[in-house]
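Worksheet: the structure to be examined is printed underneath.
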Number of protein chains: 2
Amino acid sequence: MNVRIAKYSGFCFGVKRAIKIALEAAEKNHEIITLGPLIHNPQMVRKLAEKGINSIEDFRQVGDRAIIIRSHGIEKEIYDYLKEQGVEIINATCPYVSKTQDYAAHLSQKGYKVIILGDKTHPEVIALKSYIEGEAIIVSKAEDLPEQKFDKVGIISQTTRNIEDFKELINKVLPLCGEMRVINTICNATTVRQNATFELAQKSDLMIVVGGKNSSNTKMLAKISENFVETFHIETAFEIDRNWLLNKKNIGITAGASTPDWVILEVYNKILECMGNSTLKVTRLDGIPGFKEE
Amino acid sequence: MNVRIAKYSGFCFGVKRAIKIALEAAEKNHEIITLGPLIHNPQMVRKLAEKGINSIEDFRQVGDRAIIIRSHGIEKEIYDYLKEQGVEIINATCPYVSKTQDYAAHLSQKGYKVIILGDKTHPEVIALKSYIEGEAIIVSKAEDLPEQKFDKVGIISQTTRNIEDFKELINKVLPLCGEMRVINTICNATTVRQNATFELAQKSDLMIVVGGKNSSNTKMLAKISENFVETFHIETAFEIDRNWLLNKKNIGITAGASTPDWVILEVYNKILECMGNSTLKVTRLDGIPGFKEE
């Protein structure tokens with residue numbers, strides 16, 4: 001029996017950085033807030049609240065507190081408004097997301113019709129489109145693209161999308177356009193994580209995907225895994241049902257970019273316990289057999 | 001029994017234009033030459049020779065004659081040399097090919113590594129790459145691309161390639177690059193002709209592809225057709241073997257962009273004759289049943 005964790009599971013660079021920025025800010029300030037939850041993981045958000053980091057949904061409620069911009073970024077108009085109001089802004093936007101915003105602005109300024117591959121309700125995409133001059137087209141898959149001709153098209157992606165979906169979109173656009181300028185804004189951490197999940201799913205007879213139910217990149221991992229094997233998307237170890245594990249020989253675990261290591265660990269230990277290995281409790285992620293290799 | 005000619009068979013805009021320019025020039029000048037055969041069709045080239053339009057292979061043999069640049073264009077260095085020598089240049093480069101040369105120059109000047117989908121021995125591609133600053137990568141299919149990382153890539157195509165091959169190349173490049181700027185330089189006449197061949201081949205039990213054996217776009221039509229049905233690539237009606245037609249019910253004809261109408265007509269009439277319909281001789285292409293529709 002194998003319980004294996006996919007390589008590159010858990011926090012990405014941008015999430016680690018945002019948490020570090022937030023914790024440092026919380027040490028200095030009496031009260032600090034984020035605009036929307038700092039990351040898409042309720043467990044981590046609760047831990048942050050214990051450190052005095054809370055979130056508001058409406059930027060007009062900021063008052064005279066310092067505000068942290070989360071890794072997904074915020075709309076240009078809101079940023080400009082906060083600046084104008086003299087609010088202290090602590091910018092924890094993931095540098096890869098900022099770069100995508102710059103590309104979006106540049107393409108639209110150069111006269112390219114911008115197409116974004118992404119979820120139009122996701123904060124990263126909502127922020128991204130605000131940097132575009134004129135109306136952007138947002139599609140979550142190639143089929144959603146309206147059948148229209150384009151002269152010059154700029155195509156970018158939400159940083160956590162799947163490269164195969166990006167290819168499909170590009171293939172769909174090519175015969176419809178004169179020029180197509182594609183910036184591969186899918187971040188490398190996303191790609192290597194998805195590839196590792198893809199590989200582990202093929203070697204497993206059950207996959208547990210760990211991460212916020214509202215986490216875009218975690219949902220994408222579940223989607224990839226589902227193509228090969230029975231898959232459950234959970235937020236915490238408490239959701240694990242012993243029946244899922246019956247007669248399973250190779251259990252794979254993967255986790256989104258906003259899933260803390262301790263949440264992954266709890267899942268791993270719970271699975272071992274369910275399988276009768278309760279003595280083999282692991283307390284450090286790099287102590288999990290196979291964590292570095294699979 | 002059906003004998004059908006694919007829609008959009010025969011001369012494209014660029015070829016018609018080059019022939020018109022050459023014939024007009026021949027009327028005015030005593031002796032006129034082209035650099036390489038004007039079009040990739042030996043039958044038409046012979047007809048042009050009768051009008052005093054001959055070709056030379058080496059540009060240094062031009063002497064004091066006026067020179068016609070054929071639809072494929074010529075290398076920048078040769079053009080500059082001829083200009084410098086004060087040679088009268090009559091430029092019959094297809095405007096779509098010229099445009100591709102402009103894009104190639106622009107992309108390389110902007111710091112993009114240029115990848116060309118095309119046949120590196122074809123005059124259009126030889127000319128095209130001369131407009132690129134630095135070394136271009138030329139591949140005839142996606143597999144030929146070296147596995148290397150690119151920062152900024154510009155991708156263009158020989159005007160007569162297949163869009164599916166172009167898509168494959170783009171899919172291969174995407175994960176290897178940061179930014180990809182694709183100019184769809186496959187000309188529309190190529191695409192509609194290939195699509196018409198694709199459709200007719202699926203409805204036929206024999207396809208005859210008519211055009212120069214050295215014609216890139218004609219070879220591409222044969223390649224498309226071969227995927228569905230027995231296919232013969234011929235230059236003239238004389239090559240038709242009666243045995244090919246035995247027991248065939250639906251015969252399709254398609255022809256490249258450099259194939260004159262009278263060559264297509266001869267093929268059509270020869271097939272009718274072989275099938276015992278010798279009385280039904282057709283003398284005008286638009287008099288061929290189904291020519292406009294298939």
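Ligands are numbered from 1 in the order shown, residues from 1 within each chain, and chains are lettered A, B, ... in the order they appear in the structure tokens.
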- Message: For a quick test of understanding: name the residues of chain A lying within 6 Å of chain B when counting only C-alpha atoms, and present them as number ranges by chain.
- Response: A: 167, 171, 178-184
Can I get the selected residues back with N, CA, C and O atoms, as an mmCIF file, in the first residue's frame?
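Resulting contents of again_32.cif:
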```
data_model
loop_
_atom_site.group_PDB
_atom_site.id
_atom_site.type_symbol
_atom_site.label_atom_id
_atom_site.label_comp_id
_atom_site.auth_asym_id
_atom_site.auth_seq_id
_atom_site.Cartn_x
_atom_site.Cartn_y
_atom_site.Cartn_z
ATOM 1 N N LYS A 167 -3.813 26.109 -25.057
ATOM 2 C CA LYS A 167 -3.529 25.686 -26.437
ATOM 3 C C LYS A 167 -4.815 25.618 -27.264
ATOM 4 O O LYS A 167 -4.865 26.070 -28.398
ATOM 5 N N ASN A 171 -5.623 27.646 -30.641
ATOM 6 C CA ASN A 171 -5.984 26.945 -31.886
ATOM 7 C C ASN A 171 -7.295 27.468 -32.455
ATOM 8 O O ASN A 171 -7.470 27.549 -33.666
ATOM 9 N N GLY A 178 -5.715 37.882 -37.844
ATOM 10 C CA GLY A 178 -4.548 38.212 -38.639
ATOM 11 C C GLY A 178 -3.281 38.028 -37.824
ATOM 12 O O GLY A 178 -2.376 37.307 -38.219
ATOM 13 N N GLU A 179 -3.260 38.672 -36.658
ATOM 14 C CA GLU A 179 -2.110 38.532 -35.773
ATOM 15 C C GLU A 179 -2.560 38.153 -34.381
ATOM 16 O O GLU A 179 -3.575 38.634 -33.885
ATOM 17 N N MET A 180 -1.786 37.285 -33.782
ATOM 18 C CA MET A 180 -2.125 36.779 -32.454
ATOM 19 C C MET A 180 -0.881 36.933 -31.588
ATOM 20 O O MET A 180 0.182 36.435 -31.936
ATOM 21 N N ARG A 181 -1.009 37.665 -30.504
ATOM 22 C CA ARG A 181 0.142 37.835 -29.621
ATOM 23 C C ARG A 181 -0.190 37.146 -28.310
ATOM 24 O O ARG A 181 -1.097 37.554 -27.592
ATOM 25 N N VAL A 182 0.532 36.089 -28.026
ATOM 26 C CA VAL A 182 0.203 35.255 -26.879
ATOM 27 C C VAL A 182 1.273 35.429 -25.813
ATOM 28 O O VAL A 182 2.456 35.265 -26.095
ATOM 29 N N ILE A 183 0.861 35.803 -24.609
ATOM 30 C CA ILE A 183 1.825 35.837 -23.521
ATOM 31 C C ILE A 183 1.487 34.673 -22.599
ATOM 32 O O ILE A 183 0.354 34.574 -22.118
ATOM 33 N N ASN A 184 2.456 33.808 -22.424
ATOM 34 C CA ASN A 184 2.215 32.637 -21.586
ATOM 35 C C ASN A 184 2.292 33.053 -20.116
ATOM 36 O O ASN A 184 3.336 33.000 -19.491
#
```
- Calculate the C-alpha RMSD, in Å to one decimal, after superposing chain B onto chain A by least squares over all C-alpha atoms paired in sequence order. 0.0 Å
- Close residues, Gly86 in chain B itself excluded, 12 Å, only C-alpha atoms, min 3 positions apart in chain, as a list in words: Val62, Gly63, Asp64, Arg65, Ala66, Ile67, Tyr79, Asp80, Tyr81, Leu82, Lys83 and Ile89 of chain B
Expected file contents, prior selection, C-alpha atoms, as a PDB file, in the first residue's frame:
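Written out: selection_29.pdb:
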```
ATOM      1  CA  VAL B  62      20.883  39.691 -66.006  1.00  0.00           C
ATOM      2  CA  GLY B  63      22.986  41.934 -68.259  1.00  0.00           C
ATOM      3  CA  ASP B  64      21.037  45.007 -69.336  1.00  0.00           C
ATOM      4  CA  ARG B  65      17.686  43.262 -69.529  1.00  0.00           C
ATOM      5  CA  ALA B  66      14.692  44.125 -67.361  1.00  0.00           C
ATOM      6  CA  ILE B  67      14.064  41.525 -64.668  1.00  0.00           C
ATOM      7  CA  TYR B  79      17.212  42.882 -54.685  1.00  0.00           C
ATOM      8  CA  ASP B  80      19.689  45.388 -53.244  1.00  0.00           C
ATOM      9  CA  TYR B  81      22.417  44.217 -55.656  1.00  0.00           C
ATOM     10  CA  LEU B  82      20.169  44.589 -58.703  1.00  0.00           C
ATOM     11  CA  LYS B  83      19.070  48.043 -57.553  1.00  0.00           C
ATOM     12  CA  ILE B  89      13.215  45.640 -61.733  1.00  0.00           C
TER      13      ILE B  89
END
```
- Message: So that I can check the surroundings of Ile138 in chain A, please list as JSON, numbers by chain every protein, DNA and RNA residue that reaches within 8 Å of it, counting only C-alpha atoms and ignoring chain neighbours fewer than 2 positions away.
- Response: {"A": [115, 116, 117, 118, 119, 120, 136, 140]}
Write the residues you've just listed into a file as a PDB file, in the first residue's frame, and include all heavy atoms for each of them.
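The file below, out-v2.pdb, is the result:
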```pdb
ATOM      1  N   ILE A 115      -8.006  38.803 -25.127  1.00  0.00           N
ATOM      2  CA  ILE A 115      -8.794  37.640 -24.711  1.00  0.00           C
ATOM      3  C   ILE A 115      -8.100  37.041 -23.483  1.00  0.00           C
ATOM      4  O   ILE A 115      -6.897  36.806 -23.502  1.00  0.00           O
ATOM      5  CB  ILE A 115      -8.874  36.577 -25.823  1.00  0.00           C
ATOM      6  CG1 ILE A 115      -9.515  37.167 -27.089  1.00  0.00           C
ATOM      7  CG2 ILE A 115      -9.662  35.349 -25.357  1.00  0.00           C
ATOM      8  CD1 ILE A 115      -9.529  36.219 -28.282  1.00  0.00           C
ATOM      9  N   ILE A 116      -8.881  36.843 -22.421  1.00  0.00           N
ATOM     10  CA  ILE A 116      -8.328  36.237 -21.199  1.00  0.00           C
ATOM     11  C   ILE A 116      -8.918  34.842 -21.033  1.00  0.00           C
ATOM     12  O   ILE A 116     -10.130  34.668 -21.086  1.00  0.00           O
ATOM     13  CB  ILE A 116      -8.703  37.060 -19.944  1.00  0.00           C
ATOM     14  CG1 ILE A 116      -8.214  38.511 -20.067  1.00  0.00           C
ATOM     15  CG2 ILE A 116      -8.156  36.405 -18.679  1.00  0.00           C
ATOM     16  CD1 ILE A 116      -8.737  39.425 -18.952  1.00  0.00           C
ATOM     17  N   LEU A 117      -8.050  33.860 -20.843  1.00  0.00           N
ATOM     18  CA  LEU A 117      -8.532  32.537 -20.445  1.00  0.00           C
ATOM     19  C   LEU A 117      -8.630  32.558 -18.926  1.00  0.00           C
ATOM     20  O   LEU A 117      -7.611  32.716 -18.230  1.00  0.00           O
ATOM     21  CB  LEU A 117      -7.549  31.445 -20.887  1.00  0.00           C
ATOM     22  CG  LEU A 117      -7.914  30.031 -20.411  1.00  0.00           C
ATOM     23  CD1 LEU A 117      -9.141  29.503 -21.150  1.00  0.00           C
ATOM     24  CD2 LEU A 117      -6.745  29.066 -20.581  1.00  0.00           C
ATOM     25  N   GLY A 118      -9.833  32.429 -18.397  1.00  0.00           N
ATOM     26  CA  GLY A 118      -9.963  32.488 -16.943  1.00  0.00           C
ATOM     27  C   GLY A 118     -11.414  32.452 -16.506  1.00  0.00           C
ATOM     28  O   GLY A 118     -12.332  32.412 -17.323  1.00  0.00           O
ATOM     29  N   ASP A 119     -11.574  32.488 -15.198  1.00  0.00           N
ATOM     30  CA  ASP A 119     -12.901  32.473 -14.597  1.00  0.00           C
ATOM     31  C   ASP A 119     -13.278  33.928 -14.309  1.00  0.00           C
ATOM     32  O   ASP A 119     -12.637  34.584 -13.481  1.00  0.00           O
ATOM     33  CB  ASP A 119     -12.816  31.648 -13.307  1.00  0.00           C
ATOM     34  CG  ASP A 119     -14.067  31.762 -12.457  1.00  0.00           C
ATOM     35  OD1 ASP A 119     -15.022  32.460 -12.870  1.00  0.00           O
ATOM     36  OD2 ASP A 119     -14.079  31.158 -11.359  1.00  0.00           O
ATOM     37  N   LYS A 120     -14.323  34.408 -14.974  1.00  0.00           N
ATOM     38  CA  LYS A 120     -14.606  35.847 -14.893  1.00  0.00           C
ATOM     39  C   LYS A 120     -15.090  36.304 -13.513  1.00  0.00           C
ATOM     40  O   LYS A 120     -15.144  37.491 -13.241  1.00  0.00           O
ATOM     41  CB  LYS A 120     -15.553  36.311 -16.000  1.00  0.00           C
ATOM     42  CG  LYS A 120     -16.917  35.693 -16.052  1.00  0.00           C
ATOM     43  CD  LYS A 120     -17.761  36.460 -17.083  1.00  0.00           C
ATOM     44  CE  LYS A 120     -19.105  35.812 -17.291  1.00  0.00           C
ATOM     45  NZ  LYS A 120     -19.076  34.813 -18.366  1.00  0.00           N
ATOM     46  N   ALA A 136     -12.559  43.571 -22.658  1.00  0.00           N
ATOM     47  CA  ALA A 136     -11.844  42.307 -22.879  1.00  0.00           C
ATOM     48  C   ALA A 136     -12.858  41.184 -23.097  1.00  0.00           C
ATOM     49  O   ALA A 136     -14.019  41.302 -22.710  1.00  0.00           O
ATOM     50  CB  ALA A 136     -10.980  41.982 -21.674  1.00  0.00           C
ATOM     51  N   SER A 140     -13.722  30.764 -20.250  1.00  0.00           N
ATOM     52  CA  SER A 140     -13.127  29.755 -19.370  1.00  0.00           C
ATOM     53  C   SER A 140     -12.727  28.522 -20.168  1.00  0.00           C
ATOM     54  O   SER A 140     -12.018  27.659 -19.662  1.00  0.00           O
ATOM     55  CB  SER A 140     -14.062  29.411 -18.224  1.00  0.00           C
ATOM     56  OG  SER A 140     -15.105  28.622 -18.675  1.00  0.00           O
TER      57      SER A 140
END
```
- Do a neighbour search on His72 in chain A at 9 Å with only C-alpha atoms, toss out local chain neighbours closer than 4 positions, and write the hits as number ranges by chain. A: 38-39, 92-94, 97-98, 122-125, 127-128
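Considering the residues B:Ala26, B:Ile68, B:Val3, B:Ala196 and counting only C-alpha atoms, Cys274 in chain B has its shortest atom-to-atom contact with B:Val3.
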Could you give me, as a tab-separated table (two decimals) with all heavy atoms, in the first residue's frame, the residues within 8 Å of Pro260 in chain B, counting only C-alpha atoms and dropping anything in the same chain fewer than 6 positions from it?
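What follows is the written file out-v2.tsv:
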```
chain	number	residue	atom	x	y	z
B	10	GLY	N	-7.01	26.07	-59.12
B	10	GLY	CA	-6.32	26.88	-60.13
B	10	GLY	C	-5.78	28.19	-59.62
B	10	GLY	O	-5.72	28.42	-58.41
B	11	PHE	N	-5.41	29.04	-60.58
B	11	PHE	CA	-4.68	30.29	-60.28
B	11	PHE	C	-5.24	31.08	-59.10
B	11	PHE	O	-6.43	31.36	-59.02
B	11	PHE	CB	-4.73	31.22	-61.50
B	11	PHE	CG	-3.77	30.85	-62.59
B	11	PHE	CD1	-3.78	31.53	-63.80
B	11	PHE	CD2	-2.84	29.84	-62.42
B	11	PHE	CE1	-2.90	31.20	-64.82
B	11	PHE	CE2	-1.95	29.49	-63.43
B	11	PHE	CZ	-1.98	30.19	-64.64
B	44	MET	N	2.88	26.25	-68.07
B	44	MET	CA	2.67	27.69	-68.19
B	44	MET	C	3.98	28.39	-68.51
B	44	MET	O	4.01	29.35	-69.29
B	44	MET	CB	2.09	28.21	-66.87
B	44	MET	CG	1.56	29.63	-66.96
B	44	MET	SD	0.14	29.76	-68.09
B	44	MET	CE	0.23	31.52	-68.51
```
- Task: Fewer than 2 positions away in the same chain doesn't count, so skip those; otherwise give me all residues within 9 Å of Ala22 in chain B, counting only C-alpha atoms, as a count of residues only.
- Result: 18
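Taking CA of Lys213 in chain A and CA of Glu57 in chain A as the two end points, the separation is 18.5 Å.
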